[in-house]
$ cat input27.cif   # mmCIF, C-alpha atoms (C1' of nucleotides)
data_coords
#
loop_
_atom_site.group_PDB
_atom_site.id
_atom_site.type_symbol
_atom_site.label_atom_id
_atom_site.label_comp_id
_atom_site.auth_asym_id
_atom_site.auth_seq_id
_atom_site.Cartn_x
_atom_site.Cartn_y
_atom_site.Cartn_z
ATOM 1 C CA MET A 909 -24.465 -4.545 21.538
ATOM 2 C CA LYS A 910 -23.378 -6.107 18.279
ATOM 3 C CA GLN A 911 -19.691 -6.774 17.861
ATOM 4 C CA TYR A 912 -17.326 -6.825 14.904
ATOM 5 C CA ASP A 913 -15.913 -9.620 12.848
ATOM 6 C CA HIS A 914 -12.221 -10.092 13.281
ATOM 7 C CA PRO A 915 -10.103 -12.378 11.142
ATOM 8 C CA ALA A 916 -8.444 -15.334 12.843
ATOM 9 C CA PRO A 917 -4.641 -15.211 12.957
ATOM 10 C CA GLU A 918 -4.441 -17.883 10.233
ATOM 11 C CA GLU A 919 -6.360 -15.566 7.983
ATOM 12 C CA PHE A 920 -4.001 -12.621 8.371
ATOM 13 C CA GLN A 921 -2.480 -11.641 5.061
ATOM 14 C CA LEU A 922 0.973 -10.161 5.098
ATOM 15 C CA ALA A 923 0.097 -7.910 2.171
ATOM 16 C CA GLY A 924 -2.958 -6.660 4.033
ATOM 17 C CA ILE A 925 -0.957 -5.845 7.117
ATOM 18 C CA LEU A 926 1.788 -4.072 5.197
ATOM 19 C CA HIS A 927 -0.800 -2.140 3.254
ATOM 20 C CA ALA A 928 -2.603 -1.185 6.447
ATOM 21 C CA LEU A 929 0.594 0.054 8.060
ATOM 22 C CA ALA A 930 1.901 1.796 4.950
ATOM 23 C CA ASP A 931 -0.483 4.665 5.676
ATOM 24 C CA PRO A 932 0.983 7.304 7.990
ATOM 25 C CA PHE A 933 -2.256 7.991 9.790
ATOM 26 C CA ARG A 934 -2.958 4.331 10.425
ATOM 27 C CA LEU A 935 0.589 3.751 11.561
ATOM 28 C CA SER A 936 0.236 6.635 13.999
ATOM 29 C CA VAL A 937 -2.912 5.055 15.383
ATOM 30 C CA VAL A 938 -0.979 1.874 16.046
ATOM 31 C CA GLN A 939 1.800 3.835 17.690
ATOM 32 C CA LYS A 940 -0.652 5.606 19.945
ATOM 33 C CA LEU A 941 -2.268 2.332 20.886
ATOM 34 C CA MET A 942 1.133 0.967 21.826
ATOM 35 C CA GLN A 943 1.437 3.761 24.358
ATOM 36 C CA LYS A 944 -2.048 3.458 25.721
ATOM 37 C CA GLN A 945 -4.451 0.618 25.261
ATOM 38 C CA PRO A 946 -7.333 0.278 24.756
ATOM 39 C CA GLN A 947 -8.565 3.527 23.334
ATOM 40 C CA ALA A 948 -11.715 4.670 21.607
ATOM 41 C CA CYS A 949 -11.595 6.067 18.069
ATOM 42 C CA ALA A 950 -12.445 9.633 19.029
ATOM 43 C CA PRO A 951 -9.194 10.622 20.787
ATOM 44 C CA LEU A 952 -7.159 9.385 17.804
ATOM 45 C CA GLN A 953 -9.134 11.279 15.272
ATOM 46 C CA ASP A 954 -6.710 14.113 14.636
ATOM 47 C CA GLY A 955 -9.171 16.517 13.060
ATOM 48 C CA ARG A 956 -10.422 14.192 10.350
ATOM 49 C CA PRO A 957 -14.094 13.584 9.764
ATOM 50 C CA LYS A 958 -15.627 10.582 11.432
ATOM 51 C CA SER A 959 -16.250 8.729 8.211
ATOM 52 C CA SER A 960 -12.556 8.765 7.325
ATOM 53 C CA ILE A 961 -11.596 7.563 10.761
ATOM 54 C CA SER A 962 -14.098 4.789 10.543
ATOM 55 C CA HIS A 963 -12.601 3.715 7.242
ATOM 56 C CA HIS A 964 -9.057 3.613 8.589
ATOM 57 C CA PHE A 965 -10.072 1.633 11.622
ATOM 58 C CA ALA A 966 -11.857 -0.820 9.368
ATOM 59 C CA VAL A 967 -8.674 -1.318 7.330
ATOM 60 C CA LEU A 968 -6.681 -1.975 10.480
ATOM 61 C CA ARG A 969 -9.355 -4.303 11.803
ATOM 62 C CA LYS A 970 -9.651 -6.318 8.611
ATOM 63 C CA SER A 971 -5.915 -6.744 8.367
ATOM 64 C CA GLY A 972 -5.846 -8.154 11.895
ATOM 65 C CA VAL A 973 -3.778 -5.404 13.460
ATOM 66 C CA LEU A 974 -6.407 -4.367 15.965
ATOM 67 C CA ARG A 975 -9.571 -5.500 17.599
ATOM 68 C CA THR A 976 -12.584 -3.312 18.272
ATOM 69 C CA GLU A 977 -14.892 -4.083 21.151
ATOM 70 C CA VAL A 978 -18.161 -2.281 21.462
ATOM 71 C CA VAL A 979 -18.459 -1.117 25.053
ATOM 72 C CA GLY A 980 -21.598 0.826 25.593
ATOM 73 C CA VAL A 981 -21.473 3.766 23.303
ATOM 74 C CA THR A 982 -17.753 3.743 22.585
ATOM 75 C CA HIS A 983 -15.712 1.377 20.480
ATOM 76 C CA MET A 984 -12.578 0.357 22.262
ATOM 77 C CA ASN A 985 -9.593 -0.562 20.144
ATOM 78 C CA SER A 986 -6.661 -2.696 21.151
ATOM 79 C CA LEU A 987 -3.766 -4.080 19.201
ATOM 80 C CA ARG A 988 -3.880 -7.815 18.630
ATOM 81 C CA LEU A 989 -0.322 -8.173 19.826
ATOM 82 C CA GLN A 990 -0.507 -11.826 20.713
ATOM 83 C CA ASP A 991 -2.260 -12.829 17.527
ATOM 84 C CA MET A 992 0.144 -10.819 15.418
ATOM 85 C CA GLU A 993 3.072 -12.353 17.236
ATOM 86 C CA ALA A 994 1.685 -15.837 16.800
ATOM 87 C CA ARG A 995 1.173 -15.418 13.101
ATOM 88 C CA PHE A 996 4.098 -13.190 12.125
ATOM 89 C CA PRO A 997 6.618 -13.190 14.964
ATOM 90 C CA GLY A 998 8.579 -9.979 15.307
ATOM 91 C CA LEU A 999 6.844 -8.250 12.431
ATOM 92 C CA LEU A 1000 4.915 -5.609 14.311
ATOM 93 C CA ALA A 1001 7.821 -4.937 16.645
ATOM 94 C CA ALA A 1002 10.154 -4.388 13.692
ATOM 95 C CA ILE A 1003 7.738 -2.059 11.964
ATOM 96 C CA LEU A 1004 7.112 -0.044 15.103
ATOM 97 C CA ALA A 1005 10.828 0.178 15.783
ATOM 98 C CA ALA A 1006 11.296 1.376 12.219
ATOM 99 C CA ALA A 1007 8.549 3.934 12.703
ATOM 100 C CA GLU A 1008 10.424 5.396 15.654
ATOM 101 C CA GLN A 1009 13.609 5.503 13.636
ATOM 102 C CA GLY A 1010 11.667 7.250 10.913
ATOM 103 C CA GLU A 1011 10.536 9.950 13.288
ATOM 104 C CA MET A 1012 14.116 10.767 14.202
ATOM 105 C CA SER A 1013 14.762 12.217 10.770
ATOM 106 C CA ALA A 1014 11.289 13.552 10.055
ATOM 107 C CA PRO A 1015 9.750 14.825 13.289
ATOM 108 C CA GLN A 1016 6.263 16.223 13.012
ATOM 109 C CA PRO A 1017 4.948 19.177 15.043
ATOM 110 C CA ALA A 1018 2.300 18.535 17.672
ATOM 111 C CA MET B 549 26.317 3.286 -19.405
ATOM 112 C CA LYS B 550 24.130 5.604 -17.407
ATOM 113 C CA GLN B 551 23.186 4.475 -13.939
ATOM 114 C CA TYR B 552 20.171 4.962 -11.728
ATOM 115 C CA ASP B 553 19.465 7.253 -8.847
ATOM 116 C CA HIS B 554 19.110 5.505 -5.555
ATOM 117 C CA PRO B 555 17.939 7.172 -2.380
ATOM 118 C CA ALA B 556 20.385 7.403 0.501
ATOM 119 C CA PRO B 557 19.454 5.370 3.587
ATOM 120 C CA GLU B 558 18.456 8.564 5.428
ATOM 121 C CA GLU B 559 15.916 9.201 2.724
ATOM 122 C CA PHE B 560 14.198 5.833 3.027
ATOM 123 C CA GLN B 561 10.570 6.246 3.995
ATOM 124 C CA LEU B 562 8.978 3.516 6.035
ATOM 125 C CA ALA B 563 5.670 4.056 4.283
ATOM 126 C CA GLY B 564 7.375 3.706 0.925
ATOM 127 C CA ILE B 565 9.031 0.452 1.904
ATOM 128 C CA LEU B 566 5.856 -1.031 3.343
ATOM 129 C CA HIS B 567 3.941 0.019 0.277
ATOM 130 C CA ALA B 568 6.584 -1.485 -1.986
ATOM 131 C CA LEU B 569 6.487 -4.781 -0.127
ATOM 132 C CA ALA B 570 2.712 -4.886 0.212
ATOM 133 C CA ASP B 571 2.506 -6.003 -3.402
ATOM 134 C CA PRO B 572 2.748 -9.785 -3.815
ATOM 135 C CA PHE B 573 4.730 -9.625 -7.016
ATOM 136 C CA ARG B 574 7.252 -7.186 -5.615
ATOM 137 C CA LEU B 575 7.576 -9.184 -2.440
ATOM 138 C CA SER B 576 8.263 -12.287 -4.513
ATOM 139 C CA VAL B 577 10.997 -10.433 -6.357
ATOM 140 C CA VAL B 578 12.624 -9.623 -3.045
ATOM 141 C CA GLN B 579 12.315 -13.223 -1.929
ATOM 142 C CA LYS B 580 13.947 -14.444 -5.115
ATOM 143 C CA LEU B 581 16.759 -11.953 -4.707
ATOM 144 C CA MET B 582 17.331 -13.254 -1.196
ATOM 145 C CA GLN B 583 17.966 -16.669 -2.689
ATOM 146 C CA LYS B 584 20.149 -15.503 -5.527
ATOM 147 C CA GLN B 585 21.787 -12.154 -5.900
ATOM 148 C CA PRO B 586 22.283 -10.223 -8.066
ATOM 149 C CA GLN B 587 19.792 -11.002 -10.770
ATOM 150 C CA ALA B 588 18.612 -9.257 -13.904
ATOM 151 C CA CYS B 589 14.955 -8.300 -14.310
ATOM 152 C CA ALA B 590 14.192 -10.811 -17.043
ATOM 153 C CA PRO B 591 14.323 -14.047 -15.015
ATOM 154 C CA LEU B 592 11.957 -12.571 -12.427
ATOM 155 C CA GLN B 593 9.413 -11.465 -14.921
ATOM 156 C CA ASP B 594 6.864 -14.215 -14.429
ATOM 157 C CA GLY B 595 4.991 -13.742 -17.692
ATOM 158 C CA ARG B 596 4.214 -10.079 -17.236
ATOM 159 C CA PRO B 597 4.953 -7.516 -19.920
ATOM 160 C CA LYS B 598 8.220 -5.663 -19.661
ATOM 161 C CA SER B 599 6.634 -2.317 -18.913
ATOM 162 C CA SER B 600 4.937 -3.679 -15.815
ATOM 163 C CA ILE B 601 8.142 -5.257 -14.597
ATOM 164 C CA SER B 602 9.973 -2.045 -15.124
ATOM 165 C CA HIS B 603 7.375 -0.238 -13.051
ATOM 166 C CA HIS B 604 7.645 -2.679 -10.156
ATOM 167 C CA PHE B 605 11.399 -2.518 -10.119
ATOM 168 C CA ALA B 606 11.205 1.255 -10.087
ATOM 169 C CA VAL B 607 8.947 1.142 -7.027
ATOM 170 C CA LEU B 608 11.379 -1.144 -5.233
ATOM 171 C CA ARG B 609 14.310 1.017 -6.266
ATOM 172 C CA LYS B 610 12.729 4.278 -5.163
ATOM 173 C CA SER B 611 11.781 2.842 -1.813
ATOM 174 C CA GLY B 612 15.387 1.808 -1.233
ATOM 175 C CA VAL B 613 14.799 -1.922 -1.151
ATOM 176 C CA LEU B 614 17.028 -2.707 -4.084
ATOM 177 C CA ARG B 615 19.779 -1.275 -6.209
ATOM 178 C CA THR B 616 20.006 -1.622 -9.971
ATOM 179 C CA GLU B 617 23.358 -1.535 -11.675
ATOM 180 C CA VAL B 618 23.564 -1.309 -15.411
ATOM 181 C CA VAL B 619 26.042 -3.915 -16.541
ATOM 182 C CA GLY B 620 26.368 -3.986 -20.266
ATOM 183 C CA VAL B 621 22.970 -4.770 -21.631
ATOM 184 C CA THR B 622 21.429 -6.186 -18.474
ATOM 185 C CA HIS B 623 20.327 -4.441 -15.312
ATOM 186 C CA MET B 624 21.515 -6.284 -12.275
ATOM 187 C CA ASN B 625 19.434 -5.973 -9.137
ATOM 188 C CA SER B 626 20.584 -6.557 -5.605
ATOM 189 C CA LEU B 627 18.913 -5.987 -2.290
ATOM 190 C CA ARG B 628 20.320 -3.107 -0.279
ATOM 191 C CA LEU B 629 20.576 -5.294 2.783
ATOM 192 C CA GLN B 630 23.187 -3.227 4.574
ATOM 193 C CA ASP B 631 21.475 0.066 3.909
ATOM 194 C CA MET B 632 18.115 -1.317 4.950
ATOM 195 C CA GLU B 633 19.631 -2.743 8.094
ATOM 196 C CA ALA B 634 21.357 0.518 8.897
ATOM 197 C CA ARG B 635 18.202 2.525 8.507
ATOM 198 C CA PHE B 636 15.537 0.123 9.794
ATOM 199 C CA PRO B 637 17.242 -2.685 11.665
ATOM 200 C CA GLY B 638 15.459 -6.007 11.503
ATOM 201 C CA LEU B 639 12.654 -4.726 9.314
ATOM 202 C CA LEU B 640 13.398 -6.567 6.117
ATOM 203 C CA ALA B 641 14.257 -9.747 7.975
ATOM 204 C CA ALA B 642 10.955 -9.638 9.841
ATOM 205 C CA ILE B 643 8.962 -9.053 6.675
ATOM 206 C CA LEU B 644 10.742 -11.829 4.816
ATOM 207 C CA ALA B 645 10.249 -14.194 7.731
ATOM 208 C CA ALA B 646 6.577 -13.262 7.721
ATOM 209 C CA ALA B 647 6.413 -13.893 3.992
ATOM 210 C CA GLU B 648 7.659 -17.426 4.522
ATOM 211 C CA GLN B 649 5.135 -17.948 7.277
ATOM 212 C CA GLY B 650 2.496 -16.683 4.907
ATOM 213 C CA GLU B 651 3.433 -19.257 2.302
ATOM 214 C CA MET B 652 2.859 -22.055 4.762
ATOM 215 C CA SER B 653 -0.851 -21.442 4.765
ATOM 216 C CA ALA B 654 -1.241 -20.258 1.191
ATOM 217 C CA PRO B 655 1.144 -22.179 -1.033
ATOM 218 C CA GLN B 656 1.060 -21.306 -4.689
ATOM 219 C CA PRO B 657 1.603 -23.791 -7.520
ATOM 220 C CA ALA B 658 4.716 -23.474 -9.641
ATOM 221 C "C1'" DC C 341 -39.168 9.355 25.003
ATOM 222 C "C1'" DC C 342 -36.054 12.905 23.329
ATOM 223 C "C1'" DA C 343 -31.369 14.462 23.056
ATOM 224 C "C1'" DT C 344 -26.672 13.310 22.960
ATOM 225 C "C1'" DT C 345 -22.659 10.627 22.026
ATOM 226 C "C1'" DA C 346 -19.852 7.611 19.232
ATOM 227 C "C1'" DG C 347 -19.288 5.667 15.476
ATOM 228 C "C1'" DT C 348 -21.058 3.266 10.859
ATOM 229 C "C1'" DT C 349 -22.746 3.105 6.198
ATOM 230 C "C1'" DC C 350 -23.691 5.016 1.778
ATOM 231 C "C1'" DG C 351 -22.592 7.306 -2.263
ATOM 232 C "C1'" DA C 352 -20.101 10.513 -4.895
ATOM 233 C "C1'" DC C 353 -15.828 12.306 -5.966
ATOM 234 C "C1'" DT C 354 -10.752 12.459 -6.222
ATOM 235 C "C1'" DA C 355 -6.317 10.621 -6.084
ATOM 236 C "C1'" DT C 356 -3.082 7.113 -6.415
ATOM 237 C "C1'" DA C 357 -1.467 2.957 -8.379
ATOM 238 C "C1'" DA C 358 -1.391 -1.080 -11.646
ATOM 239 C "C1'" DT C 359 -1.530 -2.777 -16.380
ATOM 240 C "C1'" DC C 360 -0.038 -2.967 -20.930
ATOM 241 C "C1'" DG C 361 1.025 -1.847 -25.882
ATOM 242 C "C1'" DA C 362 4.021 0.878 -28.627
ATOM 243 C "C1'" DA C 363 7.838 3.513 -29.465
ATOM 244 C "C1'" DC C 364 12.362 4.351 -27.694
ATOM 245 C "C1'" DT C 365 17.478 3.698 -25.951
ATOM 246 C "C1'" DA C 366 21.847 1.777 -25.030
ATOM 247 C "C1'" DA C 367 25.053 -1.943 -25.244
ATOM 248 C "C1'" DT C 368 26.579 -6.082 -27.620
ATOM 249 C "C1'" DC C 369 27.453 -9.202 -31.465
ATOM 250 C "C1'" DC C 370 28.232 -10.321 -35.966
ATOM 251 C "C1'" DG D 370 26.263 -0.560 -39.360
ATOM 252 C "C1'" DG D 371 22.185 -3.664 -38.874
ATOM 253 C "C1'" DA D 372 20.124 -6.954 -35.787
ATOM 254 C "C1'" DT D 373 19.410 -8.507 -31.171
ATOM 255 C "C1'" DT D 374 18.877 -8.087 -26.288
ATOM 256 C "C1'" DA D 375 17.280 -5.920 -22.096
ATOM 257 C "C1'" DG D 376 14.941 -2.795 -20.289
ATOM 258 C "C1'" DT D 377 12.756 2.251 -20.123
ATOM 259 C "C1'" DT D 378 9.399 5.748 -21.083
ATOM 260 C "C1'" DC D 379 5.031 7.401 -22.605
ATOM 261 C "C1'" DG D 380 0.254 7.570 -22.614
ATOM 262 C "C1'" DA D 381 -4.077 5.609 -22.145
ATOM 263 C "C1'" DT D 382 -7.061 2.679 -19.424
ATOM 264 C "C1'" DT D 383 -8.639 0.493 -15.452
ATOM 265 C "C1'" DA D 384 -8.650 -0.618 -10.692
ATOM 266 C "C1'" DT D 385 -8.007 0.328 -6.012
ATOM 267 C "C1'" DA D 386 -7.938 3.588 -2.178
ATOM 268 C "C1'" DG D 387 -8.745 7.772 0.370
ATOM 269 C "C1'" DT D 388 -11.914 11.708 1.546
ATOM 270 C "C1'" DC D 389 -15.942 13.626 3.144
ATOM 271 C "C1'" DG D 390 -20.889 15.037 3.789
ATOM 272 C "C1'" DA D 391 -25.278 13.229 4.976
ATOM 273 C "C1'" DA D 392 -28.240 10.011 6.761
ATOM 274 C "C1'" DC D 393 -28.305 6.175 9.874
ATOM 275 C "C1'" DT D 394 -27.841 3.123 14.367
ATOM 276 C "C1'" DA D 395 -27.232 1.745 19.001
ATOM 277 C "C1'" DA D 396 -26.411 2.805 23.772
ATOM 278 C "C1'" DT D 397 -26.753 6.172 27.450
ATOM 279 C "C1'" DG D 398 -28.570 9.930 30.255
ATOM 280 C "C1'" DG D 399 -31.829 12.992 31.566
#
$ encode --input "input27.cif" --output "C-alpha cells"
Amino acid sequence: MKQYDHPAPEEFQLAGILHALADPFRLSVVQKLMQKQPQACAPLQDGRPKSSISHHFAVLRKSGVLRTEVVGVTHMNSLRLQDMEARFPGLLAAILAAAEQGEMSAPQPA
Amino acid sequence: MKQYDHPAPEEFQLAGILHALADPFRLSVVQKLMQKQPQACAPLQDGRPKSSISHHFAVLRKSGVLRTEVVGVTHMNSLRLQDMEARFPGLLAAILAAAEQGEMSAPQPA
DNA sequence: CCATTAGTTCGACTATAATCGAACTAATCC
DNA sequence: GGATTAGTTCGATTATAGTCGAACTAATGG
C-alpha cells in the first residue's frame, strides 16, 4: 500500500498553484472536491482516458492543492484546505469564489 | 495615437487571469505596479529583450489584469483594480498577498 | 491463483507558450 | 525632415504542457 509524496506547505509554489488551477478541468475537480470530500479519481473523470486524469491529479498533487491517499484499490483525494490556508491564506477561497462567479456568465451543460 | 483593446470585465476569464499570473515575471510586473502606478513598460523590463516584454504585457492586457494607455511615445500601464474587483472580488488581493508570502521563503537578490 | 478494479507509467505525438532578433510604427525633439 | 525613443509585430526556434493508447502494478474478490 505505497503512498504518494506530497510537498510540505513551505514548499508550495504560488506559480505552481496558479498554473494547476488555470486549467478548467483541474479547477472543476477542485470544485467537485469542495462539494464532496474525499473522492476517488474515477467519478471525476468526465469521459477522459485514465492516463490524462492521472496526469491532472499529479499536477494538483505536486502543487499542493490536494492529497491522495491510497485506500485499498482506490485513491482517495482530498483538498489540503488547512495547508493551503496556512501557506497562502484566502487564496483558494478567492479562486473558488471567482470560479463560481465565472460560471454565472458561462454556464456549461451537464 | 491609437489605443489598445481591453476586454470588458464580463469577458474576463478566470483561467486567463490565473495563467497570466502563474508566470513569475508577469506576477512581478503586477507587484511593481501595485507599488507605483502607472508605469511604462521600459522600467519593468528587467534585462529582457523588448519583444518578450511586449508579449508579457499583451498576456496581462488580454487577461484583463492591466490597461495600457498610449501617452505620447510611452505606453502607460495600470492595474485594472476596480474592474478586477467587480468581476472577481478579492482575487487579485489574495494572489498578491500570496505572492508576498511566497517571497518570505524564497527571497531573490536584487 | 485468476480476473477485476483503479489507477500509474511510458512513450509518442500535438498543442500551446516563451524567447528573441529583425524589421516596423508612431510620437517627439531638434 | 532626420534622429531618437518606446514599444509592436513577425517569424523562427525552443520549451513546456496536454492527450492518449498500451503495458504495467497493487489490492481485492471469487
$ resolve_selection --input "input27.cif" --expression "the PyMOL selection byres ((chain C) within 12 of (chain A))" --output "ChimeraX atom specification"
/C:344-350
$ write_last_selection --input "input27.cif" --atoms "C-alpha atoms (C1' of nucleotides)" --output "PDB file, in the frame of the given file"
ATOM      1  C1'  DT C 344     -26.672  13.310  22.960  1.00  0.00           C
ATOM      2  C1'  DT C 345     -22.659  10.627  22.026  1.00  0.00           C
ATOM      3  C1'  DA C 346     -19.852   7.611  19.232  1.00  0.00           C
ATOM      4  C1'  DG C 347     -19.288   5.667  15.476  1.00  0.00           C
ATOM      5  C1'  DT C 348     -21.058   3.266  10.859  1.00  0.00           C
ATOM      6  C1'  DT C 349     -22.746   3.105   6.198  1.00  0.00           C
ATOM      7  C1'  DC C 350     -23.691   5.016   1.778  1.00  0.00           C
TER       8       DC C 350
END
$ closest_residue --input "input27.cif" --among "B:Leu614, B:Ile643, B:Met652, B:Met632" --to "chain A" --atoms "only C-alpha atoms"
B:Ile643
$ residues_around --input "input27.cif" --residues "DG380 of chain D" --least-positions-apart "6" --cutoff "12 Å" --atoms "all atoms listed in the file" --output "VMD selection string"
chain C and resid 360 to 363
$ closest_atom_pairs --input "input27.cif" --of "chain A" --to "chain B" --cutoff "10 Å" --atoms "only C-alpha atoms" --output "Markdown table"
| residue | atom | partner | partner_atom | distance |
| --- | --- | --- | --- | --- |
| A:Glu918 | CA | B:Ser653 | CA | 7.4 |
| A:Glu919 | CA | B:Ser653 | CA | 8.7 |
| A:Phe920 | CA | B:Gly650 | CA | 8.4 |
| A:Gln921 | CA | B:Gly650 | CA | 7.1 |
| A:Leu922 | CA | B:Ala647 | CA | 6.7 |
| A:Ala923 | CA | B:Ala570 | CA | 4.5 |
| A:Gly924 | CA | B:Ala570 | CA | 7.1 |
| A:Ile925 | CA | B:Ala570 | CA | 7.9 |
| A:Leu926 | CA | B:Ala570 | CA | 5.1 |
| A:His927 | CA | B:Ala570 | CA | 5.4 |
| A:Ala928 | CA | B:Ala570 | CA | 9.0 |
| A:Leu929 | CA | B:Leu566 | CA | 7.1 |
| A:Ala930 | CA | B:Ala563 | CA | 4.4 |
| A:Asp931 | CA | B:Ala563 | CA | 6.3 |
| A:Pro932 | CA | B:Ala563 | CA | 6.8 |
| A:Leu935 | CA | B:Ala563 | CA | 8.9 |
| A:Arg995 | CA | B:Gln649 | CA | 7.5 |
| A:Phe996 | CA | B:Ala646 | CA | 5.1 |
| A:Pro997 | CA | B:Ala646 | CA | 7.2 |
| A:Gly998 | CA | B:Ala642 | CA | 6.0 |
| A:Leu999 | CA | B:Ala642 | CA | 5.1 |
| A:Leu1000 | CA | B:Ala642 | CA | 8.5 |
| A:Ala1001 | CA | B:Leu639 | CA | 8.8 |
| A:Ala1002 | CA | B:Leu639 | CA | 5.1 |
| A:Ile1003 | CA | B:Leu639 | CA | 6.2 |
| A:Leu1004 | CA | B:Leu639 | CA | 9.3 |
| A:Ala1005 | CA | B:Phe636 | CA | 7.6 |
| A:Ala1006 | CA | B:Phe636 | CA | 5.0 |
| A:Ala1007 | CA | B:Leu562 | CA | 6.7 |
| A:Glu1008 | CA | B:Phe636 | CA | 9.4 |
| A:Gln1009 | CA | B:Phe636 | CA | 6.9 |
| A:Gly1010 | CA | B:Leu562 | CA | 6.7 |
| A:Glu1011 | CA | B:Leu562 | CA | 9.8 |
| A:Ser1013 | CA | B:Glu558 | CA | 7.5 |
| A:Ala1014 | CA | B:Gln561 | CA | 9.5 |
$ atom_distance --input "input27.cif" --atom1 "atom CA of Leu987 of chain A" --atom2 "atom CA of Glu633 of chain B"
25.9 Å
$ closest_atom_pairs --input "input27.cif" --of "chain D" --to "chain A" --cutoff "7 Å" --atoms "only C-alpha atoms (C1' of nucleotides)" --output "JSON lines"
{"residue": "D:DT388", "atom": "C1'", "partner": "A:Ser960", "partner_atom": "CA", "distance": 6.5}
{"residue": "D:DC389", "atom": "C1'", "partner": "A:Pro957", "partner_atom": "CA", "distance": 6.9}
{"residue": "D:DA396", "atom": "C1'", "partner": "A:Val981", "partner_atom": "CA", "distance": 5.1}
$ atom_distance --input "input27.cif" --atom1 "atom CA of Arg615 of chain B" --atom2 "atom CA of Arg574 of chain B"
13.9 Å
$ atom_distance --input "input27.cif" --atom1 "atom C1' of DA395 of chain D" --atom2 "atom CA of Asn985 of chain A"
17.8 Å
$ residues_near_point --input "input27.cif" --point "(-6.2, -3.8, -13.6)" --cutoff "8 Å" --atoms "all atoms listed in the file" --output "number ranges by chain"
C: 358-359; D: 383-384
$ resolve_selection --input "input27.cif" --expression "the PyMOL selection byres ((chain D and resi 370) around 12)" --output "list in words"
DC369 and DC370 of chain C; DG371 and DA372 of chain D
$ resolve_selection --input "input27.cif" --expression "the PyMOL selection byres ((chain C and resi 365) around 8)" --output "PyMOL selection string"
(chain C and resi 364+366) or (chain D and resi 377)
$ residues_around --input "input27.cif" --residues "Tyr552 of chain B" --least-positions-apart "4" --cutoff "10 Å" --atoms "all atoms listed in the file" --output "MDAnalysis selection string"
chainID B and resid 606 609:610 615:618
